[in-house]
file model_19.cif (mmCIF, C-alpha atoms)
data_my_file
#
loop_
_atom_site.label_atom_id
_atom_site.label_comp_id
_atom_site.auth_asym_id
_atom_site.auth_seq_id
_atom_site.Cartn_x
_atom_site.Cartn_y
_atom_site.Cartn_z
CA MET A 1 -9.53 -21.43 11.10
CA GLY A 2 -9.77 -22.19 7.41
CA ALA A 3 -9.65 -19.48 4.77
CA GLY A 4 -13.05 -17.91 4.08
CA ASP A 5 -12.37 -17.78 0.36
CA GLN A 6 -9.77 -18.68 -2.19
CA GLY A 7 -7.31 -16.62 -4.16
CA ILE A 8 -3.81 -15.25 -4.44
CA MET A 9 -2.72 -12.33 -2.26
CA THR A 10 0.30 -10.10 -2.89
CA GLY A 11 2.39 -8.02 -0.54
CA PHE A 12 5.01 -5.53 -1.71
CA ALA A 13 7.63 -3.21 -0.23
CA SER A 14 10.41 -1.03 -1.63
CA ASP A 15 13.04 1.11 0.05
CA GLU A 16 12.46 4.12 -2.24
CA THR A 17 10.22 5.98 0.28
CA PRO A 18 10.20 6.18 4.10
CA GLU A 19 6.91 4.25 4.07
CA LEU A 20 8.65 1.46 2.08
CA MET A 21 6.16 1.97 -0.73
CA PRO A 22 6.56 2.69 -4.47
CA LEU A 23 7.15 6.41 -5.04
CA PRO A 24 4.31 6.94 -7.58
CA ILE A 25 1.50 5.75 -5.29
CA THR A 26 2.99 7.59 -2.29
CA LEU A 27 2.97 10.86 -4.25
CA ALA A 28 -0.53 10.22 -5.61
CA HIS A 29 -1.89 9.57 -2.12
CA GLY A 30 -0.23 12.76 -0.89
CA LEU A 31 -1.84 14.78 -3.68
CA THR A 32 -5.35 13.44 -3.07
CA ARG A 33 -4.95 13.96 0.67
CA ARG A 34 -3.94 17.58 0.06
CA LEU A 35 -6.81 18.00 -2.42
CA ALA A 36 -9.29 16.97 0.28
CA GLU A 37 -7.57 19.24 2.80
CA VAL A 38 -7.86 22.43 0.72
CA ARG A 39 -11.49 21.57 -0.05
CA LYS A 40 -12.42 21.05 3.60
CA ASN A 41 -10.46 23.94 5.15
CA GLY A 42 -11.88 26.54 2.75
CA THR A 43 -8.69 27.30 0.83
CA LEU A 44 -10.46 26.27 -2.40
CA PRO A 45 -14.14 26.35 -1.40
CA TYR A 46 -15.38 25.72 -4.93
CA LEU A 47 -13.99 22.16 -5.00
CA ARG A 48 -16.27 19.15 -4.69
CA PRO A 49 -15.56 15.60 -3.40
CA ASP A 50 -14.12 12.63 -5.29
CA GLY A 51 -10.85 14.03 -6.58
CA LYS A 52 -8.29 11.77 -8.23
CA SER A 53 -4.56 11.79 -8.94
CA GLN A 54 -2.03 9.85 -10.99
CA VAL A 55 1.74 10.33 -10.89
CA THR A 56 4.07 8.94 -13.54
CA VAL A 57 7.67 8.41 -12.43
CA GLU A 58 10.58 7.52 -14.71
CA TYR A 59 12.82 4.76 -13.36
CA ALA A 60 16.41 3.88 -14.20
CA HIS A 61 17.96 0.61 -13.02
CA GLY A 62 15.00 0.02 -10.73
CA GLN A 63 15.30 3.38 -8.94
CA PRO A 64 13.17 6.56 -9.34
CA LEU A 65 14.89 9.04 -11.64
CA ARG A 66 12.36 11.87 -12.05
CA VAL A 67 8.66 12.70 -11.90
CA ASP A 68 7.43 12.80 -15.49
CA THR A 69 3.72 13.65 -15.18
CA ILE A 70 1.39 14.77 -12.39
CA LEU A 71 -2.32 14.40 -13.08
CA VAL A 72 -4.92 15.85 -10.69
CA LEU A 73 -8.67 15.69 -11.38
CA ALA A 74 -11.09 17.70 -9.25
CA HIS A 75 -14.84 18.26 -9.34
CA HIS A 76 -15.77 21.93 -8.93
CA ASP A 77 -18.46 24.59 -9.16
CA GLU A 78 -19.55 25.47 -12.69
CA SER A 79 -18.51 29.10 -12.12
CA ILE A 80 -14.79 28.22 -12.00
CA ASP A 81 -12.96 28.27 -15.33
CA ALA A 82 -10.22 25.84 -16.31
CA LEU A 83 -7.38 28.37 -16.06
CA GLN A 84 -8.24 29.33 -12.48
CA LEU A 85 -8.65 25.70 -11.51
CA GLU A 86 -5.27 24.76 -12.98
CA ARG A 87 -3.54 27.71 -11.30
CA ASP A 88 -5.11 27.05 -7.90
CA LEU A 89 -4.38 23.31 -8.00
CA ARG A 90 -0.76 23.94 -8.94
CA ILE A 91 -0.24 26.47 -6.13
CA HIS A 92 -2.27 24.91 -3.33
CA VAL A 93 -2.12 21.17 -4.12
CA VAL A 94 0.79 20.14 -6.35
CA ASP A 95 3.41 22.54 -4.98
CA ALA A 96 2.18 21.95 -1.39
CA ALA A 97 1.65 18.20 -1.49
CA ASP A 98 3.63 15.79 0.65
CA SER A 99 5.65 13.12 -0.86
CA GLY A 100 -14.77 2.09 0.68
CA LEU A 101 -16.62 -0.37 -0.53
CA THR A 102 -16.18 -3.84 -2.04
CA GLY A 103 -15.22 -3.38 -5.67
CA ARG A 104 -13.45 -0.01 -5.34
CA LYS A 105 -10.33 0.55 -7.44
CA LEU A 106 -7.95 -2.09 -6.17
CA GLN A 107 -4.67 -0.57 -7.31
CA VAL A 108 -5.49 2.66 -5.45
CA ASP A 109 -5.95 0.64 -2.27
CA THR A 110 -2.63 -1.18 -2.74
CA TYR A 111 0.50 -0.20 -4.71
CA GLY A 112 -0.77 1.89 -7.60
CA GLY A 113 -0.13 -0.79 -10.21
CA PHE A 114 3.52 -1.13 -9.19
CA ALA A 115 3.01 -4.68 -7.88
CA ARG A 116 0.78 -7.53 -8.97
CA HIS A 117 -2.67 -7.90 -7.44
CA GLY A 118 -4.70 -11.02 -6.69
CA GLY A 119 -7.91 -9.35 -7.81
CA GLY A 120 -9.87 -9.28 -4.55
CA ALA A 121 -11.12 -6.06 -2.94
CA PHE A 122 -10.47 -5.33 0.75
CA SER A 123 -13.22 -3.03 1.97
CA GLY A 124 -16.57 -4.52 2.88
CA LYS A 125 -15.08 -7.90 3.81
CA ASP A 126 -14.44 -9.34 7.25
CA ALA A 127 -10.99 -10.58 8.17
CA THR A 128 -11.81 -14.26 7.55
CA LYS A 129 -11.72 -13.36 3.86
CA VAL A 130 -8.09 -13.71 2.85
CA ASP A 131 -8.57 -11.01 0.22
CA ARG A 132 -8.24 -8.70 3.21
CA SER A 133 -6.31 -10.59 5.91
CA GLY A 134 -3.95 -12.36 3.50
CA ALA A 135 -3.12 -9.13 1.68
CA TYR A 136 -2.46 -7.34 4.97
CA ALA A 137 -0.20 -10.17 6.12
CA ALA A 138 1.67 -10.19 2.81
CA ARG A 139 2.37 -6.45 3.12
CA TRP A 140 3.46 -6.99 6.75
CA VAL A 141 5.93 -9.67 5.65
CA ALA A 142 7.23 -7.68 2.67
CA LYS A 143 7.73 -4.49 4.68
CA ASN A 144 9.62 -6.31 7.42
CA VAL A 145 11.82 -8.12 4.88
CA VAL A 146 12.87 -4.79 3.32
CA ALA A 147 13.23 -3.06 6.70
CA ALA A 148 15.43 -5.95 7.85
CA GLY A 149 17.77 -5.39 4.93
CA LEU A 150 17.15 -8.79 3.37
CA ALA A 151 16.16 -7.13 0.06
CA LYS A 152 15.67 -3.61 -1.27
CA ARG A 153 12.50 -4.51 -3.15
CA PHE A 154 10.30 -7.45 -2.30
CA GLU A 155 7.03 -8.93 -3.54
CA LEU A 156 5.40 -11.83 -1.68
CA GLN A 157 2.64 -13.97 -3.16
CA VAL A 158 0.49 -16.22 -0.96
CA SER A 159 -2.32 -18.44 -2.28
CA TYR A 160 -5.17 -19.97 -0.28
CA ALA A 161 -8.00 -22.47 -0.82
CA VAL A 162 -11.43 -22.29 0.78
CA ALA A 163 -11.62 -23.95 4.24
CA MET A 164 -7.90 -24.73 4.27
CA ALA A 165 -5.82 -22.94 6.90
CA ARG A 166 -2.29 -23.25 5.58
CA PRO A 167 -1.42 -21.46 2.33
CA LEU A 168 -1.18 -23.60 -0.76
CA SER A 169 1.98 -21.78 -1.75
CA VAL A 170 4.30 -19.02 -0.59
CA SER A 171 6.52 -17.48 -3.27
CA PHE A 172 8.37 -14.21 -3.72
CA GLU A 173 10.42 -12.00 -6.01
CA THR A 174 13.33 -9.78 -4.94
CA PHE A 175 13.96 -8.33 -8.42
CA GLY A 176 17.64 -9.09 -7.94
CA THR A 177 17.92 -6.89 -4.85
CA HIS A 178 18.34 -9.62 -2.20
CA GLU A 179 21.22 -9.27 0.25
CA VAL A 180 21.12 -12.91 1.38
CA ALA A 181 20.31 -16.11 -0.50
CA PRO A 182 16.62 -16.37 -1.49
CA GLU A 183 16.30 -19.74 0.23
CA ARG A 184 17.42 -18.18 3.52
CA ILE A 185 14.83 -15.43 3.06
CA ARG A 186 12.13 -18.02 2.40
CA GLN A 187 13.03 -20.06 5.46
CA ALA A 188 13.20 -16.93 7.62
CA ILE A 189 9.68 -15.95 6.55
CA LEU A 190 8.32 -19.40 7.33
CA ASP A 191 10.08 -19.40 10.71
CA VAL A 192 8.86 -15.96 11.77
CA PHE A 193 5.39 -15.56 10.25
CA ASP A 194 2.32 -17.78 10.66
CA LEU A 195 0.26 -17.14 7.54
CA ARG A 196 -2.85 -19.11 8.54
CA PRO A 197 -5.94 -16.83 8.54
CA GLY A 198 -6.69 -17.38 12.22
CA ALA A 199 -3.11 -16.58 13.20
CA ILE A 200 -3.08 -13.48 10.98
CA ILE A 201 -6.29 -12.20 12.58
CA GLU A 202 -4.86 -12.76 16.04
CA LYS A 203 -1.37 -11.35 15.42
CA LEU A 204 -2.62 -8.24 13.60
CA GLY A 205 -5.67 -7.76 15.79
CA LEU A 206 -7.92 -7.56 12.75
CA ARG A 207 -11.15 -7.94 14.75
CA LYS A 208 -10.33 -4.74 16.66
CA ILE A 209 -9.31 -2.53 13.73
CA ARG A 210 -11.42 0.44 12.66
CA TYR A 211 -11.35 0.15 8.87
CA ARG A 212 -13.05 3.41 7.96
CA PRO A 213 -9.79 5.45 7.94
CA VAL A 214 -8.34 3.24 5.17
CA ALA A 215 -11.36 3.74 2.90
CA ALA A 216 -9.40 6.67 1.38
CA TYR A 217 -5.70 7.19 0.61
CA GLY A 218 -4.86 3.48 0.53
CA HIS A 219 -4.39 0.65 3.01
CA PHE A 220 -0.58 0.56 2.85
CA GLY A 221 2.21 3.05 3.50
CA ARG A 222 0.01 5.01 5.90
CA SER A 223 2.42 6.78 8.24
CA ASP A 224 -0.54 8.82 9.53
CA LEU A 225 -2.19 5.71 11.01
CA ASP A 226 -0.89 3.05 13.42
CA LEU A 227 -1.85 0.05 11.31
CA PRO A 228 -0.54 -3.30 12.57
CA TRP A 229 0.45 -4.55 9.10
CA GLU A 230 2.62 -1.44 8.68
CA ARG A 231 4.70 -2.12 11.80
CA THR A 232 8.28 -3.29 11.32
CA ASN A 233 8.15 -5.33 14.53
CA GLN A 234 9.64 -8.52 13.09
CA VAL A 235 12.92 -7.09 11.82
CA SER A 236 15.10 -8.55 14.57
CA ALA A 237 13.44 -11.95 14.31
CA LEU A 238 13.88 -12.03 10.53
CA ARG A 239 17.52 -11.01 10.69
CA ALA A 240 18.19 -13.68 13.31
CA ALA A 241 16.36 -16.33 11.26
CA ALA A 242 18.33 -15.32 8.16
CA GLY A 243 21.62 -15.53 10.08
CA LEU A 244 22.30 -11.78 10.12
CA ALA A 245 21.81 -11.03 13.84
#

call {"tool": "encode", "arguments": {"input": "model_19.cif", "output": "structure tokens"}}
result
Amino acid sequence: MGAGDQGIMTGFASDETPELMPLPITLAHGLTRRLAEVRKNGTLPYLRPDGKSQVTVEYAHGQPLRVDTILVLAHHDESIDALQLERDLRIHVVDAADSGLTGRKLQVDTYGGFARHGGGAFSGKDATKVDRSGAYAARWVAKNVVAAGLAKRFELQVSYAVAMARPLSVSFETFGTHEVAPERIRQAILDVFDLRPGAIIEKLGLRKIRYRPVAAYGHFGRSDLDLPWERTNQVSALRAAAGLA
């Protein structure tokens, strides 16, 4: 099967959270999830849908040092004043928070601006479009590379051309965190993963996935969902291919 479109897809993983995601987007997703929860369960009945969050984290030597700023935006009834809203959000959302359509905000769906993005939206597209399948596969590869201990932070970039099955290029960045030689990592990826669109669809079962649950709170780092691209099921194979087994 040839790619249904062209473009560059990026996958990213980091060992700074249990989900192997950047800390800022993990915290932001937790805040928005909690915001929806207190709206729906009646804790803050005056809230309205379409809340937003942004978390700024200070880093030192590539590792999270402290949370600098937490921003939460919430629609609400006109009768609620700003002071009550701020107090209620701090108590019931911020202090309690755990760490779609085509064209929606792409960084919210992916890594919160922490990694590069190819520019293509996911939602609203079938799996033959590599904007979706290629990005899922790239995350799958990146997460397994980090889980296998080949690098602490890893960004994979895969580019495709219309009607061509094999990627035009496969490149990556370890940000100096690799534990084995980059060439061994590259060869291990090529040995273990088939990045042709048809193979991705088959291996990840993308024709059987219900995509509605990922229309909110991101497509990656979702420990609440059993998503095939989030499984670290290729760790042993990668370690063996890299000579670490």

call {"tool": "residues_near_point", "arguments": {"input": "model_19.cif", "point": "(-13.6, 26.5, -8.5)", "cutoff": "7 Å", "atoms": "all atoms listed in the file", "output": "JSON, numbers by chain"}}
result
{"A": [44, 46, 47, 76, 77, 79, 80, 85]}

call {"tool": "closest_residue", "arguments": {"input": "model_19.cif", "among": "A:Arg33, A:Arg90, A:Arg196, A:His219", "to": "Val108 (chain A)", "atoms": "all atoms listed in the file"}}
result
A:His219

call {"tool": "residues_around", "arguments": {"input": "model_19.cif", "residues": "Asp194 (chain A)", "least_positions_apart": "4", "cutoff": "9 Å", "atoms": "all atoms listed in the file", "output": "PyMOL selection string"}}
result
chain A and resi 166+189-190+199-200+203

call {"tool": "residues_around", "arguments": {"input": "model_19.cif", "residues": "Leu35 (chain A)", "least_positions_apart": "3", "cutoff": "10 Å", "atoms": "only C-alpha atoms", "output": "PDB file with C-alpha atoms, in the coordinates of the input"}}
result
ATOM      1  CA  HIS A  29      -1.890   9.570  -2.120  1.00  0.00           C
ATOM      2  CA  GLY A  30      -0.230  12.760  -0.890  1.00  0.00           C
ATOM      3  CA  LEU A  31      -1.840  14.780  -3.680  1.00  0.00           C
ATOM      4  CA  THR A  32      -5.350  13.440  -3.070  1.00  0.00           C
ATOM      5  CA  VAL A  38      -7.860  22.430   0.720  1.00  0.00           C
ATOM      6  CA  ARG A  39     -11.490  21.570  -0.050  1.00  0.00           C
ATOM      7  CA  LYS A  40     -12.420  21.050   3.600  1.00  0.00           C
ATOM      8  CA  LEU A  44     -10.460  26.270  -2.400  1.00  0.00           C
ATOM      9  CA  LEU A  47     -13.990  22.160  -5.000  1.00  0.00           C
ATOM     10  CA  ARG A  48     -16.270  19.150  -4.690  1.00  0.00           C
ATOM     11  CA  PRO A  49     -15.560  15.600  -3.400  1.00  0.00           C
ATOM     12  CA  ASP A  50     -14.120  12.630  -5.290  1.00  0.00           C
ATOM     13  CA  GLY A  51     -10.850  14.030  -6.580  1.00  0.00           C
ATOM     14  CA  LYS A  52      -8.290  11.770  -8.230  1.00  0.00           C
ATOM     15  CA  SER A  53      -4.560  11.790  -8.940  1.00  0.00           C
ATOM     16  CA  VAL A  72      -4.920  15.850 -10.690  1.00  0.00           C
ATOM     17  CA  LEU A  73      -8.670  15.690 -11.380  1.00  0.00           C
ATOM     18  CA  ALA A  74     -11.090  17.700  -9.250  1.00  0.00           C
ATOM     19  CA  LEU A  89      -4.380  23.310  -8.000  1.00  0.00           C
ATOM     20  CA  HIS A  92      -2.270  24.910  -3.330  1.00  0.00           C
ATOM     21  CA  VAL A  93      -2.120  21.170  -4.120  1.00  0.00           C
ATOM     22  CA  VAL A  94       0.790  20.140  -6.350  1.00  0.00           C
ATOM     23  CA  ALA A  96       2.180  21.950  -1.390  1.00  0.00           C
ATOM     24  CA  ALA A  97       1.650  18.200  -1.490  1.00  0.00           C
TER      25      ALA A  97
END

call {"tool": "resolve_selection", "arguments": {"input": "model_19.cif", "expression": "the PyMOL selection byres ((chain A and resi 1) around 6)", "output": "PDB file with C-alpha atoms, in the frame of the given file"}}
result
ATOM      1  CA  GLY A   2      -9.770 -22.190   7.410  1.00  0.00           C
ATOM      2  CA  ALA A 165      -5.820 -22.940   6.900  1.00  0.00           C
ATOM      3  CA  GLY A 198      -6.690 -17.380  12.220  1.00  0.00           C
TER       4      GLY A 198
END

call {"tool": "atom_distance", "arguments": {"input": "model_19.cif", "atom1": "CA of Ser123 (chain A)", "atom2": "CA of Asp5 (chain A)"}}
result
14.9 Å

call {"tool": "closest_residue", "arguments": {"input": "model_19.cif", "among": "A:Arg186, A:Thr17, A:Val192, A:His75", "to": "Ser236 (chain A)", "atoms": "all atoms listed in the file"}}
result
A:Val192

call {"tool": "residues_around", "arguments": {"input": "model_19.cif", "residues": "Glu19 (chain A)", "least_positions_apart": "4", "cutoff": "9 Å", "atoms": "all atoms listed in the file", "output": "PyMOL selection string"}}
result
chain A and resi 13-15+26+143+220-223+230

call {"tool": "closest_residue", "arguments": {"input": "model_19.cif", "among": "A:Ser133, A:Val146, A:Glu58, A:Thr128", "to": "Ala163 (chain A)", "atoms": "all atoms listed in the file"}}
result
A:Thr128

call {"tool": "resolve_selection", "arguments": {"input": "model_19.cif", "expression": "the PyMOL selection byres ((chain A and resi 138) around 8)", "output": "PDB file with C-alpha atoms, in the coordinates of the input"}}
result
ATOM      1  CA  MET A   9      -2.720 -12.330  -2.260  1.00  0.00           C
ATOM      2  CA  THR A  10       0.300 -10.100  -2.890  1.00  0.00           C
ATOM      3  CA  GLY A  11       2.390  -8.020  -0.540  1.00  0.00           C
ATOM      4  CA  PHE A  12       5.010  -5.530  -1.710  1.00  0.00           C
ATOM      5  CA  GLY A 134      -3.950 -12.360   3.500  1.00  0.00           C
ATOM      6  CA  ALA A 135      -3.120  -9.130   1.680  1.00  0.00           C
ATOM      7  CA  TYR A 136      -2.460  -7.340   4.970  1.00  0.00           C
ATOM      8  CA  ALA A 137      -0.200 -10.170   6.120  1.00  0.00           C
ATOM      9  CA  ARG A 139       2.370  -6.450   3.120  1.00  0.00           C
ATOM     10  CA  TRP A 140       3.460  -6.990   6.750  1.00  0.00           C
ATOM     11  CA  VAL A 141       5.930  -9.670   5.650  1.00  0.00           C
ATOM     12  CA  ALA A 142       7.230  -7.680   2.670  1.00  0.00           C
ATOM     13  CA  LEU A 156       5.400 -11.830  -1.680  1.00  0.00           C
ATOM     14  CA  GLN A 157       2.640 -13.970  -3.160  1.00  0.00           C
ATOM     15  CA  VAL A 158       0.490 -16.220  -0.960  1.00  0.00           C
TER      16      VAL A 158
END

call {"tool": "atom_distance", "arguments": {"input": "model_19.cif", "atom1": "CA of Leu225 (chain A)", "atom2": "CA of Phe154 (chain A)"}}
result
22.5 Å

call {"tool": "resolve_selection", "arguments": {"input": "model_19.cif", "expression": "the PyMOL selection byres ((chain A and resi 148) around 12)", "output": "mmCIF file with C-alpha atoms, in the frame of the given file"}}
result
data_model
loop_
_atom_site.group_PDB
_atom_site.id
_atom_site.type_symbol
_atom_site.label_atom_id
_atom_site.label_comp_id
_atom_site.auth_asym_id
_atom_site.auth_seq_id
_atom_site.Cartn_x
_atom_site.Cartn_y
_atom_site.Cartn_z
ATOM 1 C CA ALA A 13 7.630 -3.210 -0.230
ATOM 2 C CA SER A 14 10.410 -1.030 -1.630
ATOM 3 C CA ASP A 15 13.040 1.110 0.050
ATOM 4 C CA LEU A 20 8.650 1.460 2.080
ATOM 5 C CA VAL A 141 5.930 -9.670 5.650
ATOM 6 C CA ALA A 142 7.230 -7.680 2.670
ATOM 7 C CA LYS A 143 7.730 -4.490 4.680
ATOM 8 C CA ASN A 144 9.620 -6.310 7.420
ATOM 9 C CA VAL A 145 11.820 -8.120 4.880
ATOM 10 C CA VAL A 146 12.870 -4.790 3.320
ATOM 11 C CA ALA A 147 13.230 -3.060 6.700
ATOM 12 C CA GLY A 149 17.770 -5.390 4.930
ATOM 13 C CA LEU A 150 17.150 -8.790 3.370
ATOM 14 C CA ALA A 151 16.160 -7.130 0.060
ATOM 15 C CA LYS A 152 15.670 -3.610 -1.270
ATOM 16 C CA ARG A 153 12.500 -4.510 -3.150
ATOM 17 C CA PHE A 154 10.300 -7.450 -2.300
ATOM 18 C CA HIS A 178 18.340 -9.620 -2.200
ATOM 19 C CA GLU A 179 21.220 -9.270 0.250
ATOM 20 C CA VAL A 180 21.120 -12.910 1.380
ATOM 21 C CA ILE A 185 14.830 -15.430 3.060
ATOM 22 C CA ALA A 188 13.200 -16.930 7.620
ATOM 23 C CA ILE A 189 9.680 -15.950 6.550
ATOM 24 C CA THR A 232 8.280 -3.290 11.320
ATOM 25 C CA ASN A 233 8.150 -5.330 14.530
ATOM 26 C CA GLN A 234 9.640 -8.520 13.090
ATOM 27 C CA VAL A 235 12.920 -7.090 11.820
ATOM 28 C CA SER A 236 15.100 -8.550 14.570
ATOM 29 C CA ALA A 237 13.440 -11.950 14.310
ATOM 30 C CA LEU A 238 13.880 -12.030 10.530
ATOM 31 C CA ARG A 239 17.520 -11.010 10.690
ATOM 32 C CA ALA A 240 18.190 -13.680 13.310
ATOM 33 C CA ALA A 241 16.360 -16.330 11.260
ATOM 34 C CA ALA A 242 18.330 -15.320 8.160
ATOM 35 C CA GLY A 243 21.620 -15.530 10.080
ATOM 36 C CA LEU A 244 22.300 -11.780 10.120
ATOM 37 C CA ALA A 245 21.810 -11.030 13.840
#

call {"tool": "axis_aligned_box", "arguments": {"input": "model_19.cif", "around": "region 29-40 of chain A", "padding_each_side": "5 Å", "output": "lines of an AutoDock Vina configuration file"}}
result
center_x = -6.3
center_y = 16.0
center_z = 0.0
size_x = 22.2
size_y = 22.9
size_z = 17.3

call {"tool": "closest_residue", "arguments": {"input": "model_19.cif", "among": "A:Gly42, A:Gly7, A:Asp226, A:Pro22", "to": "Met164 (chain A)", "atoms": "all atoms listed in the file"}}
result
A:Gly7

call {"tool": "atom_distance", "arguments": {"input": "model_19.cif", "atom1": "CA of Ala181 (chain A)", "atom2": "CA of Leu204 (chain A)"}}
result
28.0 Å

call {"tool": "decode", "arguments": {"input": "model_19.cif", "residues": "region 50-68 of chain A", "atoms": "N, CA and C atoms", "output": "CSV table (one decimal), in the first residue's frame"}}
result
chain,number,residue,atom,x,y,z
A,50,ASP,N,-15.3,23.4,26.8
A,50,ASP,CA,-14.2,24.0,26.0
A,50,ASP,C,-13.2,24.7,26.9
A,51,GLY,N,-12.8,24.1,28.0
A,51,GLY,CA,-11.7,24.6,28.8
A,51,GLY,C,-10.3,24.4,28.2
A,52,LYS,N,-9.3,25.1,28.6
A,52,LYS,CA,-8.0,25.0,28.1
A,52,LYS,C,-7.0,25.1,29.2
A,53,SER,N,-5.8,24.6,28.9
A,53,SER,CA,-4.7,24.7,29.9
A,53,SER,C,-3.4,24.8,29.3
A,54,GLN,N,-2.5,25.5,29.9
A,54,GLN,CA,-1.1,25.6,29.5
A,54,GLN,C,-0.2,25.6,30.7
A,55,VAL,N,0.9,24.7,30.7
A,55,VAL,CA,1.8,24.6,31.8
A,55,VAL,C,3.2,24.9,31.3
A,56,THR,N,3.8,25.8,32.0
A,56,THR,CA,5.2,26.2,31.7
A,56,THR,C,6.2,25.6,32.7
A,57,VAL,N,7.1,24.8,32.2
A,57,VAL,CA,8.0,24.1,33.1
A,57,VAL,C,9.5,24.6,32.8
A,58,GLU,N,10.2,24.9,33.8
A,58,GLU,CA,11.6,25.3,33.7
A,58,GLU,C,12.5,24.0,33.7
A,59,TYR,N,13.4,24.0,32.7
A,59,TYR,CA,14.3,22.8,32.5
A,59,TYR,C,15.7,23.2,32.8
A,60,ALA,N,16.5,22.3,33.4
A,60,ALA,CA,17.9,22.5,33.6
A,60,ALA,C,18.6,21.2,33.1
A,61,HIS,N,19.5,21.4,32.2
A,61,HIS,CA,20.3,20.3,31.6
A,61,HIS,C,19.4,19.2,31.0
A,62,GLY,N,18.3,19.7,30.4
A,62,GLY,CA,17.4,18.8,29.7
A,62,GLY,C,16.4,18.1,30.6
A,63,GLN,N,16.4,18.4,31.9
A,63,GLN,CA,15.5,17.7,32.9
A,63,GLN,C,14.6,18.8,33.5
A,64,PRO,N,13.3,18.4,33.8
A,64,PRO,CA,12.4,19.3,34.5
A,64,PRO,C,12.9,19.8,35.8
A,65,LEU,N,12.9,21.1,36.1
A,65,LEU,CA,13.4,21.6,37.4
A,65,LEU,C,12.2,22.0,38.3
A,66,ARG,N,11.3,22.8,37.7
A,66,ARG,CA,10.1,23.2,38.5
A,66,ARG,C,9.0,23.7,37.5
A,67,VAL,N,7.8,23.7,38.0
A,67,VAL,CA,6.7,24.3,37.3
A,67,VAL,C,6.7,25.8,37.5
A,68,ASP,N,6.8,26.5,36.5
A,68,ASP,CA,6.8,28.0,36.6
A,68,ASP,C,5.4,28.6,36.6
